[in-house]
Every structure is written in C-alpha cells, then in structure tokens.
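S.K.: Take a look at run.txt, compact mmCIF, C-alpha atoms:
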```txt
# COMPACT_ATOMS: atom_id res chain seq x y z
CA MET H 1 -103.46 2.06 71.81
CA ASN H 2 -103.16 -1.62 72.65
CA GLY H 3 -103.16 -2.56 68.92
CA MET H 4 -100.38 -0.06 68.33
CA ASN H 5 -98.16 -1.59 71.06
CA GLY H 6 -98.66 -5.08 69.60
CA TRP H 7 -97.50 -3.84 66.21
CA LYS H 8 -94.37 -2.25 67.78
CA VAL H 9 -93.55 -5.47 69.64
CA ARG H 10 -93.92 -7.56 66.46
CA MET H 11 -91.76 -5.08 64.55
CA ARG H 12 -89.03 -5.18 67.22
CA VAL H 13 -89.07 -9.00 67.23
CA ALA H 14 -88.79 -9.03 63.42
CA VAL H 15 -85.86 -6.56 63.48
CA VAL H 16 -84.05 -8.56 66.19
CA ALA H 17 -84.62 -11.81 64.26
CA ALA H 18 -83.32 -10.22 61.04
CA LEU H 19 -80.22 -8.89 62.80
CA PHE H 20 -79.61 -12.29 64.37
CA GLY H 21 -79.93 -13.97 60.96
CA ILE H 22 -77.55 -11.48 59.33
CA GLY H 23 -75.04 -11.97 62.14
CA LEU H 24 -75.27 -15.74 61.81
CA LEU H 25 -74.75 -15.62 58.04
CA SER H 26 -71.80 -13.26 58.43
CA ALA H 27 -70.19 -15.58 60.97
CA CYS H 28 -70.63 -18.57 58.64
CA ASN H 29 -69.05 -16.69 55.72
CA HIS H 30 -66.22 -15.54 57.97
CA GLU H 31 -65.54 -19.13 59.07
CA ALA H 32 -65.63 -20.38 55.46
CA GLY H 33 -63.13 -17.68 54.48
CA ARG H 34 -60.88 -18.64 57.37
CA ASP H 35 -61.06 -22.30 56.36
CA PHE H 36 -59.84 -21.44 52.85
CA ALA H 37 -57.17 -19.06 54.14
CA ALA H 38 -56.01 -21.71 56.59
CA GLY H 39 -55.72 -24.16 53.71
CA LYS H 40 -58.37 -26.60 54.89
CA ARG H 41 -59.80 -27.23 51.40
CA THR H 42 -58.13 -30.30 49.92
CA TRP H 43 -57.53 -31.46 46.33
CA ASP H 44 -60.03 -34.30 46.54
CA GLN H 45 -63.01 -32.27 47.77
CA PRO H 46 -64.62 -31.47 44.39
CA HIS H 47 -62.83 -34.33 42.60
CA ASP H 48 -64.47 -37.60 41.80
CA ILE H 49 -61.37 -39.36 40.44
CA ARG H 50 -60.89 -42.74 42.10
CA ALA H 51 -57.91 -45.11 41.83
CA GLU H 52 -59.98 -47.56 39.78
CA ASP H 53 -60.61 -44.79 37.19
CA ILE H 54 -56.86 -44.44 36.50
CA ALA H 55 -55.16 -46.70 33.94
CA SER H 56 -51.65 -45.36 34.63
CA LEU H 57 -49.60 -42.42 35.83
CA ILE H 58 -47.38 -40.87 33.17
CA VAL H 59 -44.34 -39.19 34.75
CA THR H 60 -42.33 -36.62 32.77
CA ASP H 61 -39.31 -34.94 34.36
CA SER H 62 -37.99 -31.46 33.53
CA SER H 63 -35.63 -32.96 30.92
CA GLY H 64 -38.51 -34.58 29.06
CA ASN H 65 -37.76 -38.16 30.19
CA THR H 66 -40.97 -40.15 30.51
CA GLY H 67 -41.95 -43.22 32.50
CA SER H 68 -45.20 -44.72 33.66
CA ILE H 69 -46.62 -46.27 36.80
CA VAL H 70 -49.22 -48.99 36.26
CA SER H 71 -49.20 -50.79 39.63
CA ARG H 72 -52.67 -50.57 41.21
CA ASP H 73 -51.08 -50.27 44.65
CA ALA H 74 -48.76 -47.44 43.55
CA ILE H 75 -51.63 -45.57 41.85
CA GLY H 76 -53.68 -45.87 45.05
CA GLN H 77 -50.77 -44.56 47.15
CA PHE H 78 -50.25 -41.63 44.75
CA LEU H 79 -53.93 -40.69 44.81
CA GLU H 80 -54.00 -40.84 48.63
CA ALA H 81 -50.92 -38.59 48.77
CA ILE H 82 -52.42 -35.85 46.59
CA GLN H 83 -55.92 -36.06 48.08
CA GLU H 84 -54.61 -34.69 51.37
CA ALA H 85 -52.96 -31.67 49.69
CA THR H 86 -54.43 -28.33 50.74
CA ALA H 87 -55.35 -25.40 48.48
CA GLU H 88 -53.14 -22.31 48.54
CA ALA H 89 -54.87 -18.95 48.93
CA ALA H 90 -52.34 -17.10 46.75
CA LYS H 91 -50.47 -17.97 43.57
CA PRO H 92 -46.77 -18.27 44.42
CA ASP H 93 -44.17 -16.92 41.99
CA ILE H 94 -42.17 -20.05 41.16
CA ARG H 95 -39.85 -21.56 38.58
CA PRO H 96 -40.87 -24.12 35.92
CA PRO H 97 -42.08 -27.42 37.42
CA ASP H 98 -39.70 -30.24 38.33
CA MET H 99 -42.04 -32.78 36.75
CA SER H 100 -45.52 -33.49 35.56
CA ILE H 101 -47.57 -36.53 36.43
CA ALA H 102 -50.57 -37.13 34.19
CA LEU H 103 -53.40 -39.27 35.45
CA SER H 104 -54.19 -41.36 32.38
CA LEU H 105 -57.84 -42.24 32.88
CA LYS H 106 -59.46 -45.41 31.58
CA ASP H 107 -61.92 -43.34 29.51
CA GLY H 108 -58.98 -41.97 27.46
CA ARG H 109 -58.69 -38.56 29.12
CA GLU H 110 -55.51 -37.31 30.78
CA HIS H 111 -55.46 -35.11 33.86
CA PRO H 112 -51.99 -33.46 34.14
CA LEU H 113 -50.58 -32.24 37.46
CA TYR H 114 -47.36 -30.21 37.70
CA PHE H 115 -45.05 -30.68 40.71
CA TRP H 116 -42.33 -28.71 42.48
CA LEU H 117 -40.64 -31.17 44.84
CA ALA H 118 -37.17 -29.64 45.18
CA GLN H 119 -35.56 -26.47 46.56
CA ASN H 120 -37.63 -23.86 48.43
CA ASN H 121 -40.96 -24.62 46.78
CA ASP H 122 -41.07 -28.27 47.71
CA ARG H 123 -44.43 -29.97 48.20
CA LEU H 124 -46.30 -27.75 45.71
CA PHE H 125 -48.33 -28.88 42.74
CA VAL H 126 -50.79 -27.25 40.37
CA ASP H 127 -53.87 -28.69 38.73
CA LEU H 128 -54.54 -26.72 35.53
CA GLY H 129 -57.89 -28.46 35.21
CA ARG H 130 -58.98 -26.46 38.25
CA SER H 131 -58.29 -22.85 37.29
CA ALA H 132 -54.57 -23.22 38.05
CA GLU H 133 -55.07 -23.70 41.80
CA TYR H 134 -51.92 -24.45 43.77
CA TYR H 135 -51.84 -27.17 46.40
CA THR H 136 -49.36 -28.07 49.13
CA LEU H 137 -48.70 -31.74 49.82
CA THR H 138 -48.33 -32.97 53.36
CA ALA H 139 -44.78 -34.01 54.30
CA LYS H 140 -45.98 -37.63 54.26
CA GLY H 141 -47.58 -37.12 50.83
CA LYS H 142 -44.34 -35.73 49.44
CA ASN H 143 -42.38 -38.70 50.82
CA VAL H 144 -44.86 -41.17 49.29
CA ILE H 145 -44.58 -39.53 45.87
CA LEU H 146 -40.77 -39.35 46.02
CA HIS H 147 -40.65 -43.04 47.02
CA LEU H 148 -42.91 -44.01 44.09
CA LEU H 149 -40.78 -41.95 41.69
CA ASP H 150 -37.60 -43.55 43.04
CA GLU H 151 -39.05 -47.05 42.59
CA THR H 152 -40.13 -46.15 39.04
CA ARG H 153 -36.66 -44.79 38.25
CA LYS H 154 -35.02 -48.00 39.58
CA SER H 155 -37.39 -50.12 37.52
CA LEU H 156 -36.63 -48.16 34.35
CA ASN H 157 -32.87 -48.30 34.99
CA SER H 158 -32.93 -52.07 35.60
CA ARG H 159 -34.69 -52.60 32.25
CA PHE H 160 -32.22 -50.40 30.37
CA TYR H 161 -29.06 -51.71 32.04
CA ALA H 162 -29.94 -55.39 32.55
```
For this file, write the structure as structure tokens.
M.R.:
Amino acid sequence: MNGMNGWKVRMRVAVVAALFGIGLLSACNHEAGRDFAAGKRTWDQPHDIRAEDIASLIVTDSSGNTGSIVSRDAIGQFLEAIQEATAEAAKPDIRPPDMSIALSLKDGREHPLYFWLAQNNDRLFVDLGRSAEYYTLTAKGKNVILHLLDETRKSLNSRFYA
C-alpha cells in the first residue's frame, strides 16, 4: 500500500504543477493582450530604421505638393517623434490622409508613412509596410512633426519668393 500512496502523491504534485504552469502562462498572455489593448507597443519596437539609414524625408501634402527634409538634426527629431507612437488595437474609419512622409533610405528604398494631423483624427499615422497598422503620436511627437513641416514650408517659400 505504501507504494500506491507514493504514486498518488507524485500524481497530485504533477497535477498541481501543471495547473500552476497553465495559470502562469494564461496570466502572461492576458498581460500581453492588455499591453497591446492599452497601446503600449510602439512603432520602433520591431523596426530597425535608424536616423543614419535615412537620406531624406519626402513630404507630400494632400494637394500633391512635395518637399524634402535633408537636415540630419530634423531627420533625427522626426524619427524620435514617430518612435514613441503607440499601436492602435482597431482600424479607425477615417478620411484620406493629410500628408505622406516617405523615409528615403540610403539603400534606395522608400518607406512611406501616411499622416492625419488635423481635425478629429489628429496624431494618427499608418505604416503600410506593417500590415496597415495605425499608430497614435504623442502630443509632443505631433508638435515636433508640425514644427518640422512648418520650417520646411518656410524654407520652400523663401526659395520661391526670394
């Protein structure tokens, strides 16, 4: 009988350990799901694009007007602004984008991003290279991008009207 009790004890320990493991895995998955739902995943997490990989930023507004940003400092500021953007859990129903900004990489590739920075959908952008995921910029990120765009617009206007 003693051998039979030892087997029952080992079986109970194994069942308890399995239940504990399942509970732990479920809790981890639940936390990961909450992180995504809470928007904690940012644009830069799976990205390996660095400022030094970018030759220029090509800005195209909704009217088709195009300009470029080549300043290393401005490119770095832009990249910092979008790296803090958080993923959206659902695809919002929105109007056509206000502008696109393509990251023109030094290896010849372009990585287009589409932005909504006006009206009710401000601070959104989409990265079609990532299964059309939507991201929300931080308020600071939006202000940085708007400042860079304003400086670019002033620079273009001074060249045309000088």
S.K.: Rounded to one decimal, what separation in Å do you get between atom CA of Tyr134 of chain H and atom CA of Val70 of chain H?
M.R.: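 Calculated distance between atom CA of Tyr134 of chain H and atom CA of Val70 of chain H is 25.8 Å.
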S.K.: Using atom CA of Thr60 of chain H and atom CA of Ile101 of chain H as the two end points, give the distance in Å to one decimal.
M.R.: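 Atom-to-atom, atom CA of Thr60 of chain H and atom CA of Ile101 of chain H are spaced 6.4 Å apart.
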S.K.: Point out the residue among H:Gly108, H:Arg72, H:Tyr114, H:Ala81 with the least atom-to-atom distance to Arg95 of chain H, counting all atoms listed in the file.
M.R.: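 Selected residue with least distance to Arg95 of chain H: H:Tyr114.
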S.K.: From the options H:Glu84, H:Glu151, H:Asp53, H:Asp48, which residue's atoms come nearest to Ser68 of chain H, counting only C-alpha atoms?
M.R.: H:Glu151
S.K.: To one decimal place in Å, what is the distance between atom CA of Ala118 of chain H and atom CA of Leu146 of chain H?
M.R.: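 Pair atom CA of Ala118 of chain H / atom CA of Leu146 of chain H returns 10.4 Å.
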S.K.: Set the distance at 10 Å and use all atoms listed in the file: which residues neighbour Glu80 of chain H once local chain neighbours fewer than 4 positions away are removed? I'd like the list as JSON, numbers by chain.
M.R.: {"H": [44, 50, 51, 74, 75, 76, 84, 85, 141, 144, 145]}
